[in-house]
Amino acid sequence: MSSQDDIERIIRQERELVFPRFDEAVAFSLGMRVRERSLRDNLGIVCDVRTWERPLFYTALPKTTGDNQHWVRRKANLVQRVAKSSYRVVLENKSGADHFLPRRGLDDADFVMAGGGFPIRVANAGMIGCITISGLHERDDHAVAVQALCEELGLDTAAFALPPA
């Protein structure tokens, strides 16, 4: 598949992976799905689930470092700013640079062009937060988030997954 095909699939993910309601219990369940899969598959990741006003779930697994929390913060900032998944931003980047051009006004200390941040949307409320994964390749970080969202929503993960790169 091409980058454009991936972008179209991600747009569908963003449009259809919507919660009927979202609270602390849903955030915990979502985060625990990521944690349990990561432990089972020996994935060294950090997972953060948050609304824009506060963090609701955080876990750091073996093989991560203190740097991962900063990647999570910068990815979440990007999702909040542009209202789309951070991996979609990577794929839509036409400049070829791995950082934001000055005209965007996004300081690299606070925003990062890297996949793994995905918006949490609630029906009739819109985007209220995000789930962010850090520790793997950015496409894999994105895939971990999408799989957990699908499972939490009771949706077929294969129907929403990006194809292998």
# chains A, B, ... in the order shown; residues from 1 in each chain; ligands from 1
call {"tool": "residues_around", "arguments": {"residues": "region 108-121 of chain A", "least_positions_apart": "6", "cutoff": "6 Å", "atoms": "only C-alpha atoms", "output": "ChimeraX atom specification"}}
result
/A:18,74-78,85-87,90,99,127-133,138,141-142
call {"tool": "write_last_selection", "arguments": {"atoms": "N, CA and C atoms", "output": "short mmCIF file (atom, residue, chain, number, x, y, z; two decimals), in the first residue's frame"}}
result
data_model
loop_
_atom_site.label_atom_id
_atom_site.label_comp_id
_atom_site.auth_asym_id
_atom_site.auth_seq_id
_atom_site.Cartn_x
_atom_site.Cartn_y
_atom_site.Cartn_z
N VAL A 18 -14.69 5.89 17.77
CA VAL A 18 -15.32 6.92 18.61
C VAL A 18 -16.05 6.21 19.75
N ARG A 74 5.23 15.21 23.81
CA ARG A 74 5.32 15.94 22.54
C ARG A 74 4.34 15.41 21.50
N LYS A 75 4.14 14.08 21.47
CA LYS A 75 3.15 13.49 20.55
C LYS A 75 1.74 13.92 20.95
N ALA A 76 1.43 13.87 22.24
CA ALA A 76 0.11 14.29 22.71
C ALA A 76 -0.14 15.76 22.40
N ASN A 77 0.86 16.61 22.57
CA ASN A 77 0.72 18.03 22.22
C ASN A 77 0.36 18.20 20.75
N LEU A 78 0.99 17.38 19.89
CA LEU A 78 0.71 17.47 18.46
C LEU A 78 -0.72 17.05 18.16
N SER A 85 -4.19 12.03 14.27
CA SER A 85 -3.15 11.17 14.81
C SER A 85 -1.77 11.68 14.39
N SER A 86 -0.81 11.48 15.26
CA SER A 86 0.53 11.97 14.96
C SER A 86 1.17 11.20 13.80
N TYR A 87 0.80 9.95 13.61
CA TYR A 87 1.35 9.19 12.47
C TYR A 87 0.79 9.73 11.16
N VAL A 90 2.90 12.57 10.19
CA VAL A 90 4.16 12.09 9.60
C VAL A 90 3.95 11.76 8.12
N HIS A 99 11.24 17.33 11.28
CA HIS A 99 10.87 18.34 12.27
C HIS A 99 9.93 19.33 11.58
N MET A 127 -13.22 15.49 20.07
CA MET A 127 -11.93 15.03 20.58
C MET A 127 -11.72 15.56 21.99
N ILE A 128 -11.56 14.64 22.94
CA ILE A 128 -11.45 15.06 24.35
C ILE A 128 -10.09 14.72 24.95
N GLY A 129 -9.24 14.00 24.20
CA GLY A 129 -7.94 13.60 24.71
C GLY A 129 -7.23 12.71 23.72
N CYS A 130 -6.27 11.91 24.22
CA CYS A 130 -5.57 11.00 23.32
C CYS A 130 -4.95 9.84 24.09
N ILE A 131 -4.66 8.80 23.32
CA ILE A 131 -3.84 7.70 23.80
C ILE A 131 -2.51 7.85 23.06
N THR A 132 -1.42 7.71 23.79
CA THR A 132 -0.11 7.88 23.18
C THR A 132 0.79 6.73 23.59
N ILE A 133 1.48 6.19 22.58
CA ILE A 133 2.41 5.09 22.76
C ILE A 133 3.79 5.56 22.33
N GLU A 138 7.48 4.20 14.89
CA GLU A 138 6.27 5.02 14.95
C GLU A 138 5.04 4.34 14.33
N ASP A 141 3.96 1.95 17.05
CA ASP A 141 3.33 2.70 18.14
C ASP A 141 1.87 3.00 17.78
N HIS A 142 1.66 3.46 16.55
CA HIS A 142 0.31 3.76 16.06
C HIS A 142 -0.55 2.51 16.10
#
call {"tool": "residues_around", "arguments": {"residues": "Asp23 (chain A)", "least_positions_apart": "5", "cutoff": "10 Å", "atoms": "only C-alpha atoms", "output": "list in words"}}
result
Phe28, Thr51 and Leu56 of chain A
call {"tool": "select_by_dssp", "arguments": {"residues": "chain A", "states": "strand (DSSP E)", "output": "PyMOL selection string"}}
result
chain A and resi 18-19+46-51+55-60+117-122+126-134
call {"tool": "write_last_selection", "arguments": {"atoms": "N, CA and C atoms", "output": "PDB file, in the first residue's frame"}}
result
ATOM      1  N   VAL A  18     -14.686   5.893  17.768  1.00  0.00           N
ATOM      2  CA  VAL A  18     -15.318   6.917  18.609  1.00  0.00           C
ATOM      3  C   VAL A  18     -16.048   6.215  19.754  1.00  0.00           C
ATOM      4  N   PHE A  19     -15.828   6.710  20.947  1.00  0.00           N
ATOM      5  CA  PHE A  19     -16.460   6.140  22.133  1.00  0.00           C
ATOM      6  C   PHE A  19     -17.859   6.709  22.323  1.00  0.00           C
ATOM      7  N   VAL A  46       5.920   2.907  26.592  1.00  0.00           N
ATOM      8  CA  VAL A  46       5.197   3.746  27.537  1.00  0.00           C
ATOM      9  C   VAL A  46       3.820   3.966  26.917  1.00  0.00           C
ATOM     10  N   CYS A  47       2.788   3.920  27.745  1.00  0.00           N
ATOM     11  CA  CYS A  47       1.424   4.200  27.304  1.00  0.00           C
ATOM     12  C   CYS A  47       0.839   5.273  28.207  1.00  0.00           C
ATOM     13  N   ASP A  48       0.265   6.287  27.597  1.00  0.00           N
ATOM     14  CA  ASP A  48      -0.367   7.391  28.311  1.00  0.00           C
ATOM     15  C   ASP A  48      -1.769   7.580  27.741  1.00  0.00           C
ATOM     16  N   VAL A  49      -2.761   7.615  28.601  1.00  0.00           N
ATOM     17  CA  VAL A  49      -4.134   7.910  28.194  1.00  0.00           C
ATOM     18  C   VAL A  49      -4.556   9.132  28.985  1.00  0.00           C
ATOM     19  N   ARG A  50      -5.030  10.154  28.277  1.00  0.00           N
ATOM     20  CA  ARG A  50      -5.337  11.418  28.938  1.00  0.00           C
ATOM     21  C   ARG A  50      -6.491  12.138  28.267  1.00  0.00           C
ATOM     22  N   THR A  51      -7.171  12.947  29.081  1.00  0.00           N
ATOM     23  CA  THR A  51      -8.020  13.984  28.523  1.00  0.00           C
ATOM     24  C   THR A  51      -7.123  15.215  28.457  1.00  0.00           C
ATOM     25  N   PRO A  55      -4.024  13.599  33.078  1.00  0.00           N
ATOM     26  CA  PRO A  55      -3.691  12.214  32.747  1.00  0.00           C
ATOM     27  C   PRO A  55      -4.606  11.248  33.498  1.00  0.00           C
ATOM     28  N   LEU A  56      -4.977  10.142  32.827  1.00  0.00           N
ATOM     29  CA  LEU A  56      -5.857   9.153  33.446  1.00  0.00           C
ATOM     30  C   LEU A  56      -5.201   7.790  33.593  1.00  0.00           C
ATOM     31  N   PHE A  57      -4.189   7.494  32.766  1.00  0.00           N
ATOM     32  CA  PHE A  57      -3.489   6.210  32.842  1.00  0.00           C
ATOM     33  C   PHE A  57      -2.085   6.418  32.306  1.00  0.00           C
ATOM     34  N   TYR A  58      -1.115   5.799  32.984  1.00  0.00           N
ATOM     35  CA  TYR A  58       0.275   5.862  32.527  1.00  0.00           C
ATOM     36  C   TYR A  58       0.977   4.587  32.957  1.00  0.00           C
ATOM     37  N   THR A  59       1.714   3.983  32.039  1.00  0.00           N
ATOM     38  CA  THR A  59       2.558   2.856  32.386  1.00  0.00           C
ATOM     39  C   THR A  59       3.842   2.926  31.578  1.00  0.00           C
ATOM     40  N   ALA A  60       4.931   2.575  32.211  1.00  0.00           N
ATOM     41  CA  ALA A  60       6.235   2.479  31.553  1.00  0.00           C
ATOM     42  C   ALA A  60       6.753   1.067  31.796  1.00  0.00           C
ATOM     43  N   GLY A 117       0.599   8.900  18.711  1.00  0.00           N
ATOM     44  CA  GLY A 117      -0.470   9.632  19.381  1.00  0.00           C
ATOM     45  C   GLY A 117      -1.747   9.506  18.577  1.00  0.00           C
ATOM     46  N   PHE A 118      -2.838   9.157  19.239  1.00  0.00           N
ATOM     47  CA  PHE A 118      -4.102   8.964  18.534  1.00  0.00           C
ATOM     48  C   PHE A 118      -5.222   9.654  19.316  1.00  0.00           C
ATOM     49  N   PRO A 119      -6.073  10.428  18.622  1.00  0.00           N
ATOM     50  CA  PRO A 119      -7.142  11.153  19.319  1.00  0.00           C
ATOM     51  C   PRO A 119      -8.180  10.230  19.943  1.00  0.00           C
ATOM     52  N   ILE A 120      -8.643  10.602  21.113  1.00  0.00           N
ATOM     53  CA  ILE A 120      -9.797   9.949  21.725  1.00  0.00           C
ATOM     54  C   ILE A 120     -10.984  10.863  21.457  1.00  0.00           C
ATOM     55  N   ARG A 121     -11.943  10.297  20.735  1.00  0.00           N
ATOM     56  CA  ARG A 121     -13.151  11.046  20.399  1.00  0.00           C
ATOM     57  C   ARG A 121     -14.355  10.396  21.056  1.00  0.00           C
ATOM     58  N   VAL A 122     -15.293  11.231  21.450  1.00  0.00           N
ATOM     59  CA  VAL A 122     -16.534  10.779  22.075  1.00  0.00           C
ATOM     60  C   VAL A 122     -17.689  11.304  21.231  1.00  0.00           C
ATOM     61  N   GLY A 126     -16.800  15.200  20.530  1.00  0.00           N
ATOM     62  CA  GLY A 126     -15.598  15.472  19.758  1.00  0.00           C
ATOM     63  C   GLY A 126     -14.353  14.922  20.430  1.00  0.00           C
ATOM     64  N   MET A 127     -13.217  15.485  20.067  1.00  0.00           N
ATOM     65  CA  MET A 127     -11.926  15.035  20.581  1.00  0.00           C
ATOM     66  C   MET A 127     -11.724  15.564  21.990  1.00  0.00           C
ATOM     67  N   ILE A 128     -11.564  14.644  22.944  1.00  0.00           N
ATOM     68  CA  ILE A 128     -11.448  15.059  24.349  1.00  0.00           C
ATOM     69  C   ILE A 128     -10.085  14.722  24.952  1.00  0.00           C
ATOM     70  N   GLY A 129      -9.239  14.000  24.204  1.00  0.00           N
ATOM     71  CA  GLY A 129      -7.937  13.596  24.713  1.00  0.00           C
ATOM     72  C   GLY A 129      -7.233  12.710  23.716  1.00  0.00           C
ATOM     73  N   CYS A 130      -6.271  11.915  24.223  1.00  0.00           N
ATOM     74  CA  CYS A 130      -5.566  11.001  23.323  1.00  0.00           C
ATOM     75  C   CYS A 130      -4.952   9.843  24.092  1.00  0.00           C
ATOM     76  N   ILE A 131      -4.661   8.802  23.324  1.00  0.00           N
ATOM     77  CA  ILE A 131      -3.836   7.701  23.798  1.00  0.00           C
ATOM     78  C   ILE A 131      -2.512   7.851  23.060  1.00  0.00           C
ATOM     79  N   THR A 132      -1.421   7.707  23.790  1.00  0.00           N
ATOM     80  CA  THR A 132      -0.110   7.882  23.181  1.00  0.00           C
ATOM     81  C   THR A 132       0.792   6.731  23.586  1.00  0.00           C
ATOM     82  N   ILE A 133       1.476   6.189  22.583  1.00  0.00           N
ATOM     83  CA  ILE A 133       2.415   5.089  22.765  1.00  0.00           C
ATOM     84  C   ILE A 133       3.786   5.562  22.326  1.00  0.00           C
ATOM     85  N   SER A 134       4.828   5.182  23.065  1.00  0.00           N
ATOM     86  CA  SER A 134       6.207   5.485  22.694  1.00  0.00           C
ATOM     87  C   SER A 134       7.091   4.292  23.037  1.00  0.00           C
TER      88      SER A 134
END
call {"tool": "select_by_dssp", "arguments": {"residues": "region 99-154 of chain A", "states": "alpha helix (DSSP H)", "output": "list in words"}}
result
Glu138, Arg139, Asp140, Asp141, His142, Ala143, Val144, Ala145, Val146, Gln147, Ala148, Leu149, Cys150, Glu151, Glu152 and Leu153 of chain A
call {"tool": "write_last_selection", "arguments": {"atoms": "N, CA and C atoms", "output": "compact mmCIF listing (two decimals), in the first residue's frame"}}
result
# COMPACT_ATOMS: atom_id res chain seq x y z
N GLU A 138 7.48 4.20 14.89
CA GLU A 138 6.27 5.02 14.95
C GLU A 138 5.04 4.34 14.33
N ARG A 139 5.21 3.56 13.29
CA ARG A 139 4.07 2.84 12.70
C ARG A 139 3.54 1.80 13.69
N ASP A 140 4.46 1.15 14.40
CA ASP A 140 4.07 0.15 15.40
C ASP A 140 3.44 0.80 16.62
N ASP A 141 3.96 1.95 17.05
CA ASP A 141 3.33 2.70 18.14
C ASP A 141 1.87 3.00 17.78
N HIS A 142 1.66 3.46 16.55
CA HIS A 142 0.31 3.76 16.06
C HIS A 142 -0.55 2.51 16.10
N ALA A 143 0.00 1.40 15.62
CA ALA A 143 -0.76 0.14 15.55
C ALA A 143 -1.17 -0.35 16.94
N VAL A 144 -0.31 -0.21 17.93
CA VAL A 144 -0.64 -0.63 19.29
C VAL A 144 -1.83 0.18 19.80
N ALA A 145 -1.81 1.48 19.56
CA ALA A 145 -2.92 2.34 20.01
C ALA A 145 -4.22 1.96 19.31
N VAL A 146 -4.17 1.77 18.01
CA VAL A 146 -5.38 1.45 17.25
C VAL A 146 -5.93 0.09 17.67
N GLN A 147 -5.07 -0.89 17.88
CA GLN A 147 -5.55 -2.21 18.31
C GLN A 147 -6.28 -2.11 19.65
N ALA A 148 -5.71 -1.38 20.59
CA ALA A 148 -6.35 -1.23 21.90
C ALA A 148 -7.69 -0.51 21.78
N LEU A 149 -7.75 0.52 20.96
CA LEU A 149 -9.00 1.24 20.76
C LEU A 149 -10.07 0.32 20.16
N CYS A 150 -9.69 -0.45 19.15
CA CYS A 150 -10.64 -1.39 18.53
C CYS A 150 -11.15 -2.39 19.55
N GLU A 151 -10.24 -2.96 20.33
CA GLU A 151 -10.65 -3.95 21.32
C GLU A 151 -11.59 -3.33 22.36
N GLU A 152 -11.26 -2.15 22.82
CA GLU A 152 -12.09 -1.48 23.84
C GLU A 152 -13.48 -1.16 23.29
N LEU A 153 -13.53 -0.85 22.00
CA LEU A 153 -14.81 -0.51 21.36
C LEU A 153 -15.54 -1.73 20.83
call {"tool": "residues_around", "arguments": {"residues": "Arg12 (chain A)", "least_positions_apart": "4", "cutoff": "8 Å", "atoms": "only C-alpha atoms", "output": "VMD selection string"}}
result
chain A and resid 8 16 160
call {"tool": "atom_distance", "arguments": {"atom1": "CA of Arg54 (chain A)", "atom2": "CA of Ala27 (chain A)"}}
result
11.5 Å
call {"tool": "residues_around", "arguments": {"residues": "region 61-66 of chain A", "least_positions_apart": "6", "cutoff": "10 Å", "atoms": "only C-alpha atoms", "output": "list in words"}}
result
Arg35, Ser38, Leu39, Asn42, Leu43, Gly44, Ile45, Val46, Cys47, Ser134, Gly135 and Leu136 of chain A
call {"tool": "closest_residue", "arguments": {"among": "A:Glu36, A:Ala83, A:Asp41, A:Gln69", "to": "Arg15 (chain A)", "atoms": "only C-alpha atoms"}}
result
A:Ala83
